[in-house]
file run-v7.txt (compact mmCIF, C-alpha atoms)
# COMPACT_ATOMS: atom_id res chain seq x y z
CA MET A 24 49.16 176.98 113.12
CA SER A 25 47.28 178.05 116.19
CA HIS A 26 47.96 181.10 118.35
CA GLU A 27 47.45 181.56 122.06
CA ASN A 28 45.05 184.30 123.19
CA LEU A 29 43.43 185.13 119.82
CA SER A 30 39.73 185.14 118.92
CA ASN A 31 40.55 183.33 115.65
CA PRO A 32 43.39 181.11 116.82
CA CYS A 33 44.17 179.31 113.54
CA GLN A 34 45.86 180.47 110.37
CA CYS A 35 48.01 179.00 107.63
CA LEU A 36 51.77 179.49 107.70
CA GLN A 37 53.63 181.36 104.98
CA GLY A 38 53.65 179.26 101.82
CA PHE A 39 50.39 177.52 102.70
CA GLU A 40 46.71 178.25 102.15
CA PRO A 41 43.49 176.82 103.62
CA PHE A 42 42.37 173.51 102.13
CA SER A 43 38.83 174.90 102.10
CA VAL A 44 38.39 178.67 102.17
CA GLN A 45 34.64 178.27 102.73
CA ASP A 46 35.15 176.08 105.81
CA THR A 47 37.75 178.41 107.31
CA LYS A 48 35.36 181.36 106.92
CA LEU A 49 33.06 179.36 109.18
CA ASN A 50 35.98 178.85 111.59
CA ASP A 51 36.28 175.16 110.64
CA TRP A 52 39.98 174.41 110.22
CA SER A 53 39.59 170.62 110.21
CA GLY A 54 40.78 170.48 106.57
CA GLY A 55 44.04 172.16 107.55
CA CYS A 56 46.34 173.94 105.13
CA VAL A 57 48.00 172.86 101.88
CA ARG A 58 51.11 174.11 100.10
CA LYS A 59 50.63 176.94 97.62
CA SER A 60 53.54 175.69 95.49
CA PRO A 61 55.05 172.21 95.21
CA LEU A 62 58.50 171.54 96.58
CA GLN A 63 61.31 171.21 94.04
CA CYS A 64 61.54 167.46 94.61
CA GLU A 65 57.77 167.10 93.96
CA ASP A 66 57.82 169.10 90.72
CA SER A 67 59.35 166.94 87.99
CA MET A 68 58.68 169.67 85.39
CA ASN A 69 60.84 172.21 87.24
CA THR A 70 64.48 172.01 86.24
CA ASN A 71 65.54 175.58 86.97
CA GLY A 72 68.09 174.51 89.59
CA GLU A 73 66.53 176.45 92.46
CA ARG A 74 66.36 174.82 95.87
CA ASP A 75 63.71 174.62 98.51
CA TRP A 76 64.53 176.65 101.61
CA PHE A 77 63.67 176.82 105.30
CA LEU A 78 61.75 179.56 107.07
CA LYS A 79 62.58 179.89 110.76
CA LYS A 80 59.56 180.22 113.06
CA SER A 81 60.57 181.13 116.60
CA ASN A 82 58.85 180.62 119.93
CA VAL A 83 56.55 177.76 118.92
CA ARG A 84 55.27 174.65 120.63
CA LEU A 85 56.54 171.91 118.32
CA PRO A 86 54.13 169.58 116.51
CA VAL A 87 53.42 166.24 118.17
CA ASN A 88 54.24 163.94 115.26
CA SER A 89 58.02 164.09 114.77
CA LYS A 90 59.56 161.13 112.91
CA ALA A 91 63.22 161.08 113.79
CA ASN A 92 65.52 162.05 116.60
CA LEU A 93 68.89 162.09 114.85
CA LYS A 94 72.26 162.84 116.39
CA GLY A 95 74.53 165.44 114.84
CA SER A 96 74.62 169.16 114.24
CA ALA A 97 72.00 171.64 113.09
CA THR A 98 73.53 171.51 109.60
CA THR A 99 73.25 167.71 109.52
CA CYS A 100 69.63 168.03 110.56
CA GLU A 101 68.87 170.54 107.78
CA LEU A 102 70.56 168.33 105.17
CA ALA A 103 68.63 165.26 106.35
CA CYS A 104 65.38 167.16 105.90
CA MET A 105 66.38 168.55 102.51
CA LYS A 106 67.26 165.07 101.21
CA ASN A 107 63.86 163.70 102.24
CA CYS A 108 61.10 165.03 99.96
CA SER A 109 58.47 164.13 102.57
CA CYS A 110 60.15 166.33 105.18
CA ALA A 111 57.94 169.34 105.94
CA ALA A 112 60.02 170.83 108.77
CA TYR A 113 62.82 170.21 111.22
CA ALA A 114 63.90 171.47 114.62
CA TYR A 115 67.24 171.18 116.32
CA ASN A 116 68.41 171.84 119.84
CA SER A 117 71.41 170.53 121.71
CA SER A 118 69.40 168.57 124.29
CA SER A 119 66.87 166.82 122.00
CA GLY A 120 68.94 166.67 118.84
CA CYS A 121 67.29 166.70 115.42
CA MET A 122 63.55 166.26 115.00
CA ILE A 123 61.98 165.87 111.55
CA TRP A 124 58.33 166.13 110.55
CA GLU A 125 56.92 164.46 107.48
CA GLY A 126 53.52 165.45 106.11
CA ALA A 127 51.20 167.44 108.35
CA LEU A 128 52.45 169.54 111.24
CA LEU A 129 49.89 168.58 113.86
CA ASN A 130 49.20 171.07 116.67
CA LEU A 131 51.97 173.51 115.79
CA GLN A 132 51.33 176.49 118.06
CA GLN A 133 52.76 180.01 118.12
CA LEU A 134 53.33 180.95 121.75
CA SER A 135 52.72 184.42 123.10
CA ASP A 136 55.61 186.57 124.27
CA GLY A 137 56.27 186.43 127.99
CA GLY A 138 54.58 183.05 128.42
CA GLU A 139 55.92 179.55 128.03
CA ALA A 140 59.32 179.42 126.34
CA GLY A 141 59.04 177.95 122.86
CA GLN A 142 61.48 176.48 120.40
CA ASP A 143 62.50 177.20 116.82
CA ILE A 144 61.16 175.19 113.90
CA TYR A 145 62.39 175.42 110.32
CA LEU A 146 59.53 175.12 107.85
CA ARG A 147 60.40 173.81 104.39
CA LEU A 148 59.11 176.05 101.61
CA SER A 149 59.37 175.88 97.85
CA ALA A 150 61.90 177.91 95.92
CA SER A 151 59.06 179.93 94.38
CA GLU A 152 57.98 181.04 97.87
CA HIS A 153 61.51 182.32 98.48
CA ARG A 154 61.37 184.39 95.28
CA SER A 155 58.00 185.91 96.21
CA THR A 156 59.22 186.67 99.75
CA SER A 157 62.36 188.32 98.38
CA LEU A 158 60.35 190.35 95.88
CA GLN A 159 57.99 191.55 98.60
CA GLY A 160 60.98 192.67 100.67
CA THR A 161 62.48 194.45 97.66
CA GLU A 162 59.15 196.11 96.92
CA ARG A 163 58.91 197.33 100.52
CA GLN A 164 62.47 198.68 100.36
CA GLY A 165 61.64 200.38 97.04
CA ASN A 166 58.60 202.02 98.62
CA LYS A 167 60.67 203.25 101.57
CA TRP A 168 63.16 204.78 99.14
CA LYS A 169 60.34 206.55 97.27
CA VAL A 170 58.98 208.00 100.52
CA TRP A 171 62.43 209.33 101.46
CA VAL A 172 62.86 210.95 98.03
CA ILE A 173 59.44 212.60 98.28
CA VAL A 174 60.16 213.88 101.78
CA CYS A 175 63.65 215.13 100.84
CA VAL A 176 62.27 217.05 97.85
CA ALA A 177 59.02 218.26 99.43
CA LEU A 178 60.49 219.71 102.63
CA PRO A 179 63.09 222.00 101.00
CA ALA A 180 60.57 223.05 98.32
CA THR A 181 58.01 223.95 100.99
CA ALA A 182 60.63 225.87 102.99
CA LEU A 183 61.73 227.81 99.88
CA LEU A 184 58.14 228.72 98.96
CA SER A 185 57.43 229.82 102.52
CA TRP A 186 60.54 232.02 102.56
CA LEU A 187 59.60 233.60 99.20
CA CYS A 188 56.06 234.33 100.45
CA ILE A 189 57.41 235.95 103.61
CA CYS A 190 59.85 238.06 101.61
CA PHE A 191 57.18 239.15 99.13
CA LEU A 192 54.65 240.04 101.82
CA SER A 193 57.14 241.88 104.00
CA LYS A 194 58.53 243.89 101.06
CA GLY A 195 55.37 246.00 100.87
CA LYS A 196 55.44 246.77 104.61
CA VAL A 197 59.01 248.09 104.78
CA LYS A 198 59.33 251.78 103.97
CA PRO A 199 62.19 252.65 101.64
CA LYS A 200 65.10 254.52 103.23
CA GLY A 201 65.75 258.10 102.32
CA LYS A 202 62.16 259.19 101.75
CA HIS A 203 60.89 260.63 105.02
CA LYS A 204 57.84 262.80 105.48
CA LEU A 205 58.49 266.12 107.09

call {"tool": "encode", "arguments": {"input": "run-v7.txt", "output": "structure tokens"}}
result
Amino acid sequence: MSHENLSNPCQCLQGFEPFSVQDTKLNDWSGGCVRKSPLQCEDSMNTNGERDWFLKKSNVRLPVNSKANLKGSATTCELACMKNCSCAAYAYNSSSGCMIWEGALLNLQQLSDGGEAGQDIYLRLSASEHRSTSLQGTERQGNKWKVWVIVCVALPATALLSWLCICFLSKGKVKPKGKHKL
């Protein structure tokens, strides 16, 4: 996918990796990107019952090579893509209907905010990509929880230690009552 206004305008979408890492280091993206994991319908060895899923990418200029312009709802469009193992992505809007892309997504472009209004595309990813995305989200949530626990324990402990130090230091400065020099 390419981006407007970036020095390195190309990158692979989630679930994909460069066909040639060496070429992309030289800024040659002509080989494009390939899936990291096969789709469920492509993997005859996988019988775990998990389904491929769709990742929504917003504000994009749609690829130029759509295959179908079906009538129906967004749900019908998603099901049509899911039933076709060659379907890489779909887009739906009320004026154009359902568009399906098979194979490569040519000239998919992420638009910058505030510029040209883009559309939504739903990228088909393998079930294993969904698991890794979910685990990353869980890991991030777990890390946030750990930070909160550390902060909630560290702040009161620091306050208590500070109070004890102040009490200890001020105890020597206060003269006891009842013993006055004459």

call {"tool": "atom_distance", "arguments": {"input": "run-v7.txt", "atom1": "CA of Val87 in chain A", "atom2": "CA of Ser43 in chain A"}}
result
23.4 Å

call {"tool": "atom_distance", "arguments": {"input": "run-v7.txt", "atom1": "CA of Ser151 in chain A", "atom2": "CA of Glu40 in chain A"}}
result
14.7 Å

call {"tool": "atom_distance", "arguments": {"input": "run-v7.txt", "atom1": "CA of Gly120 in chain A", "atom2": "CA of Lys94 in chain A"}}
result
5.6 Å

call {"tool": "closest_residue", "arguments": {"input": "run-v7.txt", "among": "A:Arg147, A:Glu139, A:Glu125, A:Leu131", "to": "Met105 in chain A", "atoms": "all atoms listed in the file"}}
result
A:Arg147

call {"tool": "closest_residue", "arguments": {"input": "run-v7.txt", "among": "A:Ser118, A:Val83, A:Arg74, A:Gln132", "to": "Cys33 in chain A", "atoms": "all atoms listed in the file"}}
result
A:Gln132

call {"tool": "residues_around", "arguments": {"input": "run-v7.txt", "residues": "Lys80 in chain A", "least_positions_apart": "3", "cutoff": "8 Å", "atoms": "all atoms listed in the file", "output": "ChimeraX atom specification"}}
result
/A:83,143-146

call {"tool": "residues_around", "arguments": {"input": "run-v7.txt", "residues": "Ser117 in chain A", "least_positions_apart": "4", "cutoff": "12 Å", "atoms": "all atoms listed in the file", "output": "PyMOL selection string"}}
result
chain A and resi 92-97+100+121-122+142

call {"tool": "write_last_selection", "arguments": {"input": "run-v7.txt", "atoms": "C-alpha atoms", "output": "mmCIF file, in the coordinates of the input"}}
result
data_model
loop_
_atom_site.group_PDB
_atom_site.id
_atom_site.type_symbol
_atom_site.label_atom_id
_atom_site.label_comp_id
_atom_site.auth_asym_id
_atom_site.auth_seq_id
_atom_site.Cartn_x
_atom_site.Cartn_y
_atom_site.Cartn_z
ATOM 1 C CA ASN A 92 65.520 162.050 116.600
ATOM 2 C CA LEU A 93 68.890 162.090 114.850
ATOM 3 C CA LYS A 94 72.260 162.840 116.390
ATOM 4 C CA GLY A 95 74.530 165.440 114.840
ATOM 5 C CA SER A 96 74.620 169.160 114.240
ATOM 6 C CA ALA A 97 72.000 171.640 113.090
ATOM 7 C CA CYS A 100 69.630 168.030 110.560
ATOM 8 C CA CYS A 121 67.290 166.700 115.420
ATOM 9 C CA MET A 122 63.550 166.260 115.000
ATOM 10 C CA GLN A 142 61.480 176.480 120.400
#

call {"tool": "residues_around", "arguments": {"input": "run-v7.txt", "residues": "Gly55 in chain A", "least_positions_apart": "4", "cutoff": "12 Å", "atoms": "all atoms listed in the file", "output": "JSON, numbers by chain"}}
result
{"A": [24, 25, 33, 34, 35, 36, 39, 40, 41, 42, 43, 44, 46, 47, 50, 51, 126, 127, 128, 129, 130, 131]}

call {"tool": "closest_residue", "arguments": {"input": "run-v7.txt", "among": "A:Leu134, A:Ala140, A:Ala150, A:Cys64", "to": "Leu78 in chain A", "atoms": "only C-alpha atoms"}}
result
A:Ala150

call {"tool": "closest_residue", "arguments": {"input": "run-v7.txt", "among": "A:Trp186, A:Ser89, A:Gln133, A:Leu102", "to": "Ser119 in chain A", "atoms": "only C-alpha atoms"}}
result
A:Ser89

call {"tool": "residues_around", "arguments": {"input": "run-v7.txt", "residues": "Leu148 in chain A", "least_positions_apart": "6", "cutoff": "10 Å", "atoms": "all atoms listed in the file", "output": "list in words"}}
result
Gln37, Gly38, Phe39, Arg58, Lys59, Ser60, Pro61, Leu62, Gln63, Arg74, Asp75, Trp76, Phe77, Leu78, Ala111 and Ala112 of chain A
